[in-house]
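Below: protein_22.pdb (PDB, C-alpha atoms)
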```pdb
MODEL        1
ATOM      1  CA  MET A   1     119.920 -43.184 -21.679
ATOM      2  CA  ALA A   2     122.541 -42.802 -24.414
ATOM      3  CA  GLY A   3     121.587 -44.835 -27.464
ATOM      4  CA  SER A   4     117.965 -45.141 -26.367
ATOM      5  CA  PRO A   5     115.282 -45.458 -29.080
ATOM      6  CA  HIS A   6     113.971 -42.043 -28.053
ATOM      7  CA  LEU A   7     117.333 -40.385 -28.673
ATOM      8  CA  ARG A   8     117.801 -42.224 -31.953
ATOM      9  CA  GLU A   9     114.424 -40.962 -33.098
ATOM     10  CA  LEU A  10     115.330 -37.446 -31.958
ATOM     11  CA  GLY A  11     118.481 -37.589 -34.053
ATOM     12  CA  GLU A  12     116.587 -38.737 -37.134
ATOM     13  CA  PHE A  13     113.957 -36.081 -36.558
ATOM     14  CA  LEU A  14     116.540 -33.285 -36.327
ATOM     15  CA  ARG A  15     118.376 -34.593 -39.382
ATOM     16  CA  HIS A  16     115.214 -34.379 -41.478
ATOM     17  CA  ARG A  17     114.378 -30.920 -40.195
ATOM     18  CA  ARG A  18     117.831 -29.508 -41.074
ATOM     19  CA  GLY A  19     117.421 -31.099 -44.488
ATOM     20  CA  GLU A  20     114.443 -28.840 -45.115
ATOM     21  CA  LEU A  21     116.345 -25.588 -44.563
ATOM     22  CA  THR A  22     118.817 -23.717 -46.755
ATOM     23  CA  PRO A  23     121.656 -21.465 -45.565
ATOM     24  CA  ALA A  24     119.818 -18.464 -46.990
ATOM     25  CA  GLN A  25     116.742 -19.231 -44.878
ATOM     26  CA  VAL A  26     118.749 -19.086 -41.656
ATOM     27  CA  GLY A  27     120.979 -16.174 -42.602
ATOM     28  CA  LEU A  28     124.132 -18.100 -43.505
ATOM     29  CA  PRO A  29     126.142 -17.298 -46.639
ATOM     30  CA  GLU A  30     126.550 -19.919 -49.344
ATOM     31  CA  ARG A  31     130.110 -21.176 -49.568
ATOM     32  CA  GLY A  32     131.122 -20.106 -53.044
ATOM     33  CA  HIS A  33     129.729 -22.024 -55.986
ATOM     34  CA  THR A  34     130.648 -25.530 -54.886
ATOM     35  CA  GLN A  35     127.865 -28.074 -55.028
ATOM     36  CA  ARG A  36     126.552 -29.089 -51.613
ATOM     37  CA  ARG A  37     126.848 -32.802 -50.896
ATOM     38  CA  VAL A  38     123.896 -32.819 -48.499
ATOM     39  CA  ARG A  39     120.366 -31.517 -48.820
ATOM     40  CA  GLY A  40     119.645 -28.593 -46.547
ATOM     41  CA  LEU A  41     121.976 -27.471 -43.780
ATOM     42  CA  ARG A  42     125.192 -29.227 -42.871
ATOM     43  CA  ARG A  43     125.723 -30.481 -39.324
ATOM     44  CA  GLU A  44     128.442 -27.928 -38.718
ATOM     45  CA  GLU A  45     126.094 -25.154 -39.833
ATOM     46  CA  VAL A  46     123.445 -26.240 -37.350
ATOM     47  CA  ALA A  47     126.100 -26.381 -34.643
ATOM     48  CA  GLN A  48     127.274 -22.891 -35.553
ATOM     49  CA  LEU A  49     123.744 -21.510 -35.361
ATOM     50  CA  ALA A  50     123.102 -23.190 -32.003
ATOM     51  CA  ALA A  51     126.477 -22.060 -30.628
ATOM     52  CA  ILE A  52     127.656 -25.583 -29.817
ATOM     53  CA  SER A  53     130.534 -27.695 -31.092
ATOM     54  CA  THR A  54     130.034 -29.787 -34.201
ATOM     55  CA  ASP A  55     130.989 -32.910 -32.239
ATOM     56  CA  TYR A  56     128.263 -32.150 -29.680
ATOM     57  CA  TYR A  57     125.651 -31.848 -32.411
ATOM     58  CA  VAL A  58     126.893 -34.945 -34.251
ATOM     59  CA  ARG A  59     126.448 -37.014 -31.097
ATOM     60  CA  ILE A  60     122.894 -35.681 -30.727
ATOM     61  CA  GLU A  61     122.023 -36.668 -34.294
ATOM     62  CA  GLN A  62     123.577 -40.089 -33.774
ATOM     63  CA  GLY A  63     121.354 -40.663 -30.743
ATOM     64  CA  ARG A  64     124.347 -40.869 -28.384
ATOM     65  CA  LEU A  65     123.657 -37.727 -26.380
ATOM     66  CA  ALA A  66     120.601 -35.996 -24.951
ATOM     67  CA  PRO A  67     120.767 -32.238 -25.475
ATOM     68  CA  SER A  68     120.510 -29.990 -22.446
ATOM     69  CA  GLN A  69     117.455 -27.760 -22.274
ATOM     70  CA  PRO A  70     119.341 -24.638 -23.436
ATOM     71  CA  VAL A  71     120.783 -26.547 -26.386
ATOM     72  CA  LEU A  72     117.384 -27.992 -27.258
ATOM     73  CA  ASP A  73     115.905 -24.500 -27.088
ATOM     74  CA  ALA A  74     118.578 -23.293 -29.491
ATOM     75  CA  LEU A  75     117.947 -26.169 -31.902
ATOM     76  CA  VAL A  76     114.209 -25.543 -31.808
ATOM     77  CA  ARG A  77     114.831 -21.903 -32.634
ATOM     78  CA  GLU A  78     117.431 -22.373 -35.345
ATOM     79  CA  LEU A  79     115.669 -25.281 -37.078
ATOM     80  CA  ARG A  80     112.429 -23.296 -37.111
ATOM     81  CA  LEU A  81     110.438 -25.998 -35.324
ATOM     82  CA  ASP A  82     106.742 -25.304 -34.854
ATOM     83  CA  ARG A  83     104.809 -25.947 -31.643
ATOM     84  CA  ASP A  84     103.991 -29.602 -32.395
ATOM     85  CA  GLN A  85     107.555 -30.290 -33.484
ATOM     86  CA  ARG A  86     108.949 -28.691 -30.327
ATOM     87  CA  THR A  87     106.551 -30.755 -28.191
ATOM     88  CA  TYR A  88     107.689 -33.874 -29.999
ATOM     89  CA  ALA A  89     111.407 -33.142 -29.554
ATOM     90  CA  GLU A  90     111.014 -32.239 -25.883
ATOM     91  CA  GLY A  91     108.918 -35.349 -25.331
ATOM     92  CA  LEU A  92     111.627 -37.564 -26.801
ATOM     93  CA  VAL A  93     114.249 -36.101 -24.469
ATOM     94  CA  GLU A  94     111.930 -36.470 -21.491
ATOM     95  CA  GLN A  95     111.049 -40.065 -22.372
ATOM     96  CA  ALA A  96     114.734 -40.905 -22.771
ATOM     97  CA  ALA A  97     115.455 -39.503 -19.317
ATOM     98  CA  ARG A  98     112.606 -41.474 -17.775
ATOM     99  CA  ALA A  99     113.697 -44.667 -19.487
ATOM    100  CA  GLY A 100     117.139 -44.244 -17.986
ATOM    101  CA  HIS A 101     115.677 -44.409 -14.471
ATOM    102  CA  ARG A 102     113.475 -47.472 -14.815
ATOM    103  CA  LYS A 103     114.188 -51.119 -15.489
ATOM    104  CA  ALA A 104     111.731 -51.593 -18.343
ATOM    105  CA  ALA A 105     108.912 -49.689 -19.983
ATOM    106  CA  PRO A 106     105.448 -51.022 -19.171
ATOM    107  CA  ARG A 107     103.973 -53.083 -21.990
ATOM    108  CA  ARG A 108     100.946 -51.504 -23.647
ATOM    109  CA  ALA A 109      97.790 -53.497 -24.167
ATOM    110  CA  ALA A 110      97.488 -54.547 -27.794
ATOM    111  CA  ARG A 111      93.834 -53.488 -27.951
ATOM    112  CA  PRO A 112      92.060 -52.373 -24.765
ATOM    113  CA  LYS A 113      88.310 -52.707 -24.374
ATOM    114  CA  VAL A 114      86.248 -49.557 -24.541
ATOM    115  CA  HIS A 115      85.572 -48.081 -21.097
ATOM    116  CA  PRO A 116      81.987 -48.947 -20.007
ATOM    117  CA  HIS A 117      81.120 -45.292 -19.381
ATOM    118  CA  LEU A 118      82.166 -44.348 -22.896
ATOM    119  CA  ALA A 119      80.185 -47.249 -24.299
ATOM    120  CA  ARG A 120      77.123 -46.047 -22.396
ATOM    121  CA  LEU A 121      77.607 -42.527 -23.702
ATOM    122  CA  LEU A 122      77.726 -43.775 -27.279
ATOM    123  CA  GLY A 123      74.272 -45.266 -26.786
ATOM    124  CA  GLN A 124      72.906 -41.837 -25.939
ATOM    125  CA  LEU A 125      74.450 -40.027 -28.916
ATOM    126  CA  THR A 126      71.777 -40.876 -31.462
ATOM    127  CA  GLU A 127      72.149 -37.695 -33.508
ATOM    128  CA  THR A 128      75.929 -37.306 -33.292
ATOM    129  CA  PRO A 129      78.513 -39.497 -35.025
ATOM    130  CA  ALA A 130      80.920 -40.666 -32.341
ATOM    131  CA  ILE A 131      83.969 -42.923 -32.293
ATOM    132  CA  VAL A 132      86.142 -44.085 -29.396
ATOM    133  CA  PHE A 133      89.791 -44.381 -30.354
ATOM    134  CA  GLY A 134      92.425 -46.244 -28.394
ATOM    135  CA  PRO A 135      96.205 -46.401 -28.726
ATOM    136  CA  ARG A 136      97.575 -46.119 -32.267
ATOM    137  CA  LEU A 137      94.138 -44.814 -33.385
ATOM    138  CA  ASP A 138      92.619 -48.262 -32.975
ATOM    139  CA  ILE A 139      88.841 -48.032 -33.341
ATOM    140  CA  LEU A 140      87.362 -49.433 -30.116
ATOM    141  CA  ALA A 141      83.694 -48.458 -30.434
ATOM    142  CA  TRP A 142      81.353 -46.281 -32.466
ATOM    143  CA  SER A 143      77.809 -45.040 -32.652
ATOM    144  CA  PRO A 144      75.446 -46.297 -35.399
ATOM    145  CA  LEU A 145      75.472 -42.853 -36.998
ATOM    146  CA  ALA A 146      79.285 -42.906 -37.218
ATOM    147  CA  ALA A 147      79.094 -46.182 -39.125
ATOM    148  CA  ARG A 148      76.463 -44.699 -41.424
ATOM    149  CA  LEU A 149      78.579 -41.605 -41.989
ATOM    150  CA  LEU A 150      81.939 -43.263 -42.661
ATOM    151  CA  CYS A 151      81.808 -47.024 -43.145
ATOM    152  CA  ASP A 152      80.541 -50.259 -41.620
ATOM    153  CA  PHE A 153      83.200 -50.759 -38.978
ATOM    154  CA  ALA A 154      81.572 -54.006 -37.827
ATOM    155  CA  ALA A 155      82.380 -55.550 -41.214
ATOM    156  CA  VAL A 156      86.089 -54.975 -40.580
ATOM    157  CA  PRO A 157      87.856 -57.723 -38.568
ATOM    158  CA  GLU A 158      88.588 -56.474 -35.065
ATOM    159  CA  ALA A 159      92.351 -56.857 -35.461
ATOM    160  CA  GLU A 160      92.210 -54.582 -38.523
ATOM    161  CA  ARG A 161      90.009 -51.832 -37.027
ATOM    162  CA  ASN A 162      92.625 -49.139 -37.011
ATOM    163  CA  TYR A 163      91.834 -45.745 -38.480
ATOM    164  CA  VAL A 164      95.251 -45.246 -40.072
ATOM    165  CA  ARG A 165      95.240 -48.720 -41.607
ATOM    166  CA  MET A 166      91.743 -48.195 -42.993
ATOM    167  CA  VAL A 167      92.590 -44.771 -44.449
ATOM    168  CA  PHE A 168      95.425 -46.348 -46.431
ATOM    169  CA  THR A 169      93.979 -49.774 -47.277
ATOM    170  CA  ASP A 170      90.179 -49.446 -47.460
ATOM    171  CA  PRO A 171      88.961 -48.145 -50.858
ATOM    172  CA  VAL A 172      85.823 -46.789 -49.171
ATOM    173  CA  MET A 173      87.893 -44.384 -47.080
ATOM    174  CA  ARG A 174      89.615 -43.061 -50.186
ATOM    175  CA  GLU A 175      86.217 -42.435 -51.780
ATOM    176  CA  ILE A 176      84.517 -40.650 -48.886
ATOM    177  CA  TYR A 177      87.402 -38.223 -48.282
ATOM    178  CA  PRO A 178      87.782 -35.831 -51.273
ATOM    179  CA  ASP A 179      90.890 -34.507 -49.515
ATOM    180  CA  TRP A 180      92.240 -38.004 -48.944
ATOM    181  CA  GLU A 181      95.904 -37.055 -49.246
ATOM    182  CA  ASP A 182      95.601 -34.382 -46.541
ATOM    183  CA  VAL A 183      93.745 -36.816 -44.276
ATOM    184  CA  ALA A 184      96.304 -39.564 -44.873
ATOM    185  CA  ARG A 185      99.304 -37.291 -44.313
ATOM    186  CA  THR A 186      97.836 -36.094 -41.023
ATOM    187  CA  CYS A 187      97.293 -39.714 -39.948
ATOM    188  CA  VAL A 188     100.973 -40.440 -40.521
ATOM    189  CA  GLU A 189     102.039 -37.338 -38.607
ATOM    190  CA  VAL A 190      99.772 -38.131 -35.645
ATOM    191  CA  LEU A 191     101.017 -41.723 -35.604
ATOM    192  CA  ARG A 192     104.627 -40.500 -35.696
ATOM    193  CA  MET A 193     103.892 -38.238 -32.718
ATOM    194  CA  GLU A 194     102.654 -41.277 -30.780
ATOM    195  CA  ALA A 195     105.675 -43.293 -31.820
ATOM    196  CA  GLY A 196     107.841 -40.738 -30.064
ATOM    197  CA  THR A 197     106.152 -41.614 -26.789
ATOM    198  CA  HIS A 198     106.029 -45.366 -27.366
ATOM    199  CA  PRO A 199     108.899 -46.242 -29.742
ATOM    200  CA  THR A 200     109.051 -49.859 -28.560
ATOM    201  CA  ASP A 201     105.308 -50.562 -28.770
ATOM    202  CA  PRO A 202     105.218 -53.876 -30.713
ATOM    203  CA  ALA A 203     101.718 -53.277 -32.084
ATOM    204  CA  LEU A 204     102.723 -49.845 -33.356
ATOM    205  CA  THR A 205     105.898 -51.243 -34.880
ATOM    206  CA  ALA A 206     103.875 -53.958 -36.609
ATOM    207  CA  LEU A 207     101.376 -51.425 -37.967
ATOM    208  CA  VAL A 208     104.099 -49.166 -39.349
ATOM    209  CA  GLY A 209     105.880 -52.147 -40.876
ATOM    210  CA  GLU A 210     102.707 -53.436 -42.503
ATOM    211  CA  LEU A 211     101.755 -50.099 -44.024
ATOM    212  CA  SER A 212     105.323 -49.372 -45.126
ATOM    213  CA  VAL A 213     105.271 -52.598 -47.151
ATOM    214  CA  THR A 214     101.777 -52.277 -48.581
ATOM    215  CA  ASP A 215     101.618 -48.556 -49.386
ATOM    216  CA  GLN A 216     104.383 -46.524 -51.005
ATOM    217  CA  GLN A 217     102.875 -43.177 -49.971
ATOM    218  CA  PHE A 218     102.808 -44.217 -46.327
ATOM    219  CA  ARG A 219     106.422 -45.360 -46.569
ATOM    220  CA  VAL A 220     107.556 -42.051 -48.069
ATOM    221  CA  TRP A 221     105.604 -39.894 -45.616
ATOM    222  CA  TRP A 222     106.699 -41.925 -42.589
ATOM    223  CA  ALA A 223     110.328 -41.476 -43.601
ATOM    224  CA  GLU A 224     109.875 -37.680 -43.518
ATOM    225  CA  HIS A 225     109.563 -37.761 -39.699
ATOM    226  CA  ARG A 226     106.833 -35.108 -39.654
ATOM    227  CA  VAL A 227     104.626 -34.852 -36.566
ATOM    228  CA  ALA A 228     101.280 -33.323 -35.664
ATOM    229  CA  HIS A 229      98.910 -33.166 -32.724
ATOM    230  CA  GLN A 230      95.249 -32.495 -33.434
ATOM    231  CA  ASP A 231      92.294 -32.246 -31.080
ATOM    232  CA  PHE A 232      89.821 -30.652 -33.479
ATOM    233  CA  GLY A 233      89.358 -29.834 -37.148
ATOM    234  CA  SER A 234      87.015 -30.311 -40.065
ATOM    235  CA  LYS A 235      86.730 -32.816 -42.877
ATOM    236  CA  ARG A 236      84.940 -32.915 -46.184
ATOM    237  CA  ILE A 237      82.962 -36.077 -46.815
ATOM    238  CA  ALA A 238      81.532 -37.295 -50.106
ATOM    239  CA  HIS A 239      78.621 -39.397 -48.858
ATOM    240  CA  PRO A 240      76.822 -41.713 -51.297
ATOM    241  CA  ASP A 241      73.368 -40.971 -49.802
ATOM    242  CA  VAL A 242      73.350 -37.295 -48.771
ATOM    243  CA  GLY A 243      76.076 -35.902 -51.014
ATOM    244  CA  ASP A 244      79.017 -33.714 -50.042
ATOM    245  CA  LEU A 245      79.163 -32.234 -46.563
ATOM    246  CA  THR A 246      81.758 -30.674 -44.297
ATOM    247  CA  LEU A 247      81.709 -31.602 -40.623
ATOM    248  CA  ASP A 248      83.675 -30.379 -37.632
ATOM    249  CA  TRP A 249      85.232 -32.936 -35.317
ATOM    250  CA  ASP A 250      86.387 -32.559 -31.723
ATOM    251  CA  THR A 251      88.402 -34.899 -29.520
ATOM    252  CA  PHE A 252      87.661 -35.418 -25.818
ATOM    253  CA  HIS A 253      90.257 -37.209 -23.708
ATOM    254  CA  TYR A 254      88.757 -39.411 -21.017
ATOM    255  CA  ALA A 255      90.491 -39.241 -17.629
ATOM    256  CA  GLY A 256      89.135 -42.648 -16.639
ATOM    257  CA  ALA A 257      91.047 -44.305 -19.493
ATOM    258  CA  PRO A 258      93.908 -41.988 -20.549
ATOM    259  CA  GLU A 259      94.632 -43.840 -23.787
ATOM    260  CA  GLN A 260      91.017 -43.677 -24.950
ATOM    261  CA  GLN A 261      89.513 -40.623 -26.603
ATOM    262  CA  LEU A 262      86.039 -39.784 -27.822
ATOM    263  CA  VAL A 263      85.715 -38.036 -31.178
ATOM    264  CA  LEU A 264      82.430 -36.297 -32.013
ATOM    265  CA  TRP A 265      81.339 -34.970 -35.413
ATOM    266  CA  SER A 266      78.989 -32.013 -35.772
ATOM    267  CA  ALA A 267      77.765 -29.311 -38.149
ATOM    268  CA  GLU A 268      76.775 -25.678 -37.726
ATOM    269  CA  PRO A 269      72.994 -25.578 -37.033
ATOM    270  CA  GLY A 270      70.871 -24.344 -39.904
ATOM    271  CA  THR A 271      73.408 -25.209 -42.598
ATOM    272  CA  PRO A 272      73.001 -27.715 -45.455
ATOM    273  CA  ASP A 273      75.663 -29.806 -43.719
ATOM    274  CA  ALA A 274      73.527 -29.978 -40.571
ATOM    275  CA  GLU A 275      70.466 -30.975 -42.586
ATOM    276  CA  ALA A 276      72.416 -33.698 -44.364
ATOM    277  CA  LEU A 277      73.639 -35.039 -41.010
ATOM    278  CA  SER A 278      70.088 -34.942 -39.636
ATOM    279  CA  GLN A 279      68.883 -36.860 -42.680
ATOM    280  CA  LEU A 280      71.456 -39.552 -42.002
ATOM    281  CA  ALA A 281      70.345 -39.699 -38.365
ATOM    282  CA  ARG A 282      66.708 -40.135 -39.416
ATOM    283  CA  ASP A 283      67.681 -42.900 -41.815
ATOM    284  CA  THR A 284      69.747 -44.739 -39.221
ATOM    285  CA  ALA A 285      67.737 -47.507 -37.590
ATOM    286  CA  PRO A 286      67.021 -46.410 -33.978
ATOM    287  CA  GLU A 287      67.062 -49.983 -32.779
ATOM    288  CA  SER A 288      70.693 -50.444 -33.823
ATOM    289  CA  PRO A 289      72.775 -50.506 -30.616
ATOM    290  CA  PRO A 290      76.173 -48.796 -30.457
ATOM    291  CA  SER A 291      78.979 -51.219 -31.197
ATOM    292  CA  SER A 292      81.700 -51.955 -28.705
ATOM    293  CA  GLY A 293      83.922 -53.341 -31.401
ATOM    294  CA  ALA A 294      83.401 -56.964 -30.403
ATOM    295  CA  SER A 295      83.705 -59.448 -33.233
TER     296      SER A 295
ENDMDL
END
```
Just give me the structure as structure tokens.
Amino acid sequence: MAGSPHLRELGEFLRHRRGELTPAQVGLPERGHTQRRVRGLRREEVAQLAAISTDYYVRIEQGRLAPSQPVLDALVRELRLDRDQRTYAEGLVEQAARAGHRKAAPRRAARPKVHPHLARLLGQLTETPAIVFGPRLDILAWSPLAARLLCDFAAVPEAERNYVRMVFTDPVMREIYPDWEDVARTCVEVLRMEAGTHPTDPALTALVGELSVTDQQFRVWWAEHRVAHQDFGSKRIAHPDVGDLTLDWDTFHYAGAPEQQLVLWSAEPGTPDAEALSQLARDTAPESPPSSGAS
């Protein structure tokens, strides 16, 4: 378990979190007027706050030691980790422990096919934009209204149908999201959360490498080691046909295919947003079948 990719990621994650805190924020006095050589808290300061030895904490940050649950609890508390960050840190420790008791991690499918039941459901959602996401936020299938709302997914080569990749590389996605930076940052944080569970996923590694090379903002945000988990929210969309609208989105995890999730978009009935969505639904050709993502 020592030196596992999960523990190395945990160490990097904790290092970035301590770098965001100052001694004053955690109730520690500044040491005179000498200039600090590191941003944020020093390792020994974190160790002091967590009531552990500096050597113990150094080995955690170096990925050589998994913290016990009491120590992890103390680090979560003293580094002011939020709920998603705590989930991420605990998940890394748990994954490291599991990896230490098995010969090799199962290889993930590069791009699974959409589950037939989800594909059937998409065909019945004629007035609701719907997308089926797979691992790494790969886009596996979508309803015609989702394509009309966001972009023509069928025009994107299957190997490139990944929501994060499209947010960063497709000019259309930058145009339809007035709050593009918030959307893009959240994509990076969600992807980082998944990387904690599957740090050796070759497709995920390739995606991160590609975007790190092609987009400076992605590279900077990925290096911050921020994480997020989102099952619902809202997004503003600047649509070329119906104008600006704000839609709610909700994620439904499918037990029959654990790595596939259905995302539905909706609007409060009776609002201009709902009318705009209804107008798009009326304009969408009813004979257009839902796409399964096949090229």
- Task: Specify as a PyMOL selection string each residue included when the PyMOL selection byres ((chain A and resi 273) around 12) is applied to this file.
- Result: chain A and resi 234-239+242-248+265-272+274-280
- Item | Two-atom distance - atom CA of A:Val156, atom CA of A:His115 (Å) | 20.7 Å
- Near A:Ala147, counting all atoms listed in the file, which residues have an atom at most 10 Å away, once you skip same-chain residues fewer than 2 positions from it, shown as number ranges by chain? A: 129-131, 142-145, 149-154, 284, 290-291
- Report the residues retrieved by the PyMOL selection byres ((chain A and resi 197-208) around 9) from the displayed file, expressed as an NGL selection string. :A and (5-6 or 9 or 88 or 91-92 or 95 or 105 or 107-111 or 135-136 or 164-165 or 191 or 193-196 or 209-213 or 218-219 or 222)
Can you spit out the residues from that selection as a PDB file, keeping the file's coordinate frame, using C-alpha atoms?
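The new file part-v3.pdb reads:
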```pdb
ATOM      1  CA  PRO A   5     115.282 -45.458 -29.080  1.00  0.00           C
ATOM      2  CA  HIS A   6     113.971 -42.043 -28.053  1.00  0.00           C
ATOM      3  CA  GLU A   9     114.424 -40.962 -33.098  1.00  0.00           C
ATOM      4  CA  TYR A  88     107.689 -33.874 -29.999  1.00  0.00           C
ATOM      5  CA  GLY A  91     108.918 -35.349 -25.331  1.00  0.00           C
ATOM      6  CA  LEU A  92     111.627 -37.564 -26.801  1.00  0.00           C
ATOM      7  CA  GLN A  95     111.049 -40.065 -22.372  1.00  0.00           C
ATOM      8  CA  ALA A 105     108.912 -49.689 -19.983  1.00  0.00           C
ATOM      9  CA  ARG A 107     103.973 -53.083 -21.990  1.00  0.00           C
ATOM     10  CA  ARG A 108     100.946 -51.504 -23.647  1.00  0.00           C
ATOM     11  CA  ALA A 109      97.790 -53.497 -24.167  1.00  0.00           C
ATOM     12  CA  ALA A 110      97.488 -54.547 -27.794  1.00  0.00           C
ATOM     13  CA  ARG A 111      93.834 -53.488 -27.951  1.00  0.00           C
ATOM     14  CA  PRO A 135      96.205 -46.401 -28.726  1.00  0.00           C
ATOM     15  CA  ARG A 136      97.575 -46.119 -32.267  1.00  0.00           C
ATOM     16  CA  VAL A 164      95.251 -45.246 -40.072  1.00  0.00           C
ATOM     17  CA  ARG A 165      95.240 -48.720 -41.607  1.00  0.00           C
ATOM     18  CA  LEU A 191     101.017 -41.723 -35.604  1.00  0.00           C
ATOM     19  CA  MET A 193     103.892 -38.238 -32.718  1.00  0.00           C
ATOM     20  CA  GLU A 194     102.654 -41.277 -30.780  1.00  0.00           C
ATOM     21  CA  ALA A 195     105.675 -43.293 -31.820  1.00  0.00           C
ATOM     22  CA  GLY A 196     107.841 -40.738 -30.064  1.00  0.00           C
ATOM     23  CA  GLY A 209     105.880 -52.147 -40.876  1.00  0.00           C
ATOM     24  CA  GLU A 210     102.707 -53.436 -42.503  1.00  0.00           C
ATOM     25  CA  LEU A 211     101.755 -50.099 -44.024  1.00  0.00           C
ATOM     26  CA  SER A 212     105.323 -49.372 -45.126  1.00  0.00           C
ATOM     27  CA  VAL A 213     105.271 -52.598 -47.151  1.00  0.00           C
ATOM     28  CA  PHE A 218     102.808 -44.217 -46.327  1.00  0.00           C
ATOM     29  CA  ARG A 219     106.422 -45.360 -46.569  1.00  0.00           C
ATOM     30  CA  TRP A 222     106.699 -41.925 -42.589  1.00  0.00           C
TER      31      TRP A 222
END
```
Skipping near chain neighbours, those fewer than 2 positions away, what residues fall within 6 Å of stretch 67-74 of chain A using all atoms listed in the file, listed as a compact mmCIF listing (two decimals) with C-alpha atoms, keeping the file's coordinate frame?
```
# COMPACT_ATOMS: atom_id res chain seq x y z
CA ALA A 50 123.10 -23.19 -32.00
CA VAL A 76 114.21 -25.54 -31.81
CA ARG A 77 114.83 -21.90 -32.63
```
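Going from atom CA of A:Glu30 to atom CA of A:Arg59 covers 25.0 Å.
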- Task: Using all atoms listed in the file, find all polymer residues with an atom at most 12 Å away from the point (128.0, -28.1, -28.9); report them as a PyMOL selection string.
- Result: chain A and resi 43-61+65-68+70-72+74-75
- Message: Rounded to one decimal, what separation in Å do you get between atom CA of A:Arg83 and atom CA of A:Gln216?
- Response: 28.3 Å
Around stretch 37-56 of chain A, fit a box with edges along x, y and z, padding it by 5 Å on each side, then list its centre and edge lengths in Å to one decimal as lines of an AutoDock Vina configuration file.
```
center_x = 125.3
center_y = -27.2
center_z = -40.3
size_x = 21.3
size_y = 21.4
size_z = 31.2
```
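Restricting the calculation to only C-alpha atoms, the smallest distance between A:Tyr254 and any of A:Leu121, A:Asp215, A:Leu81, A:Ser4 is found for A:Leu121.
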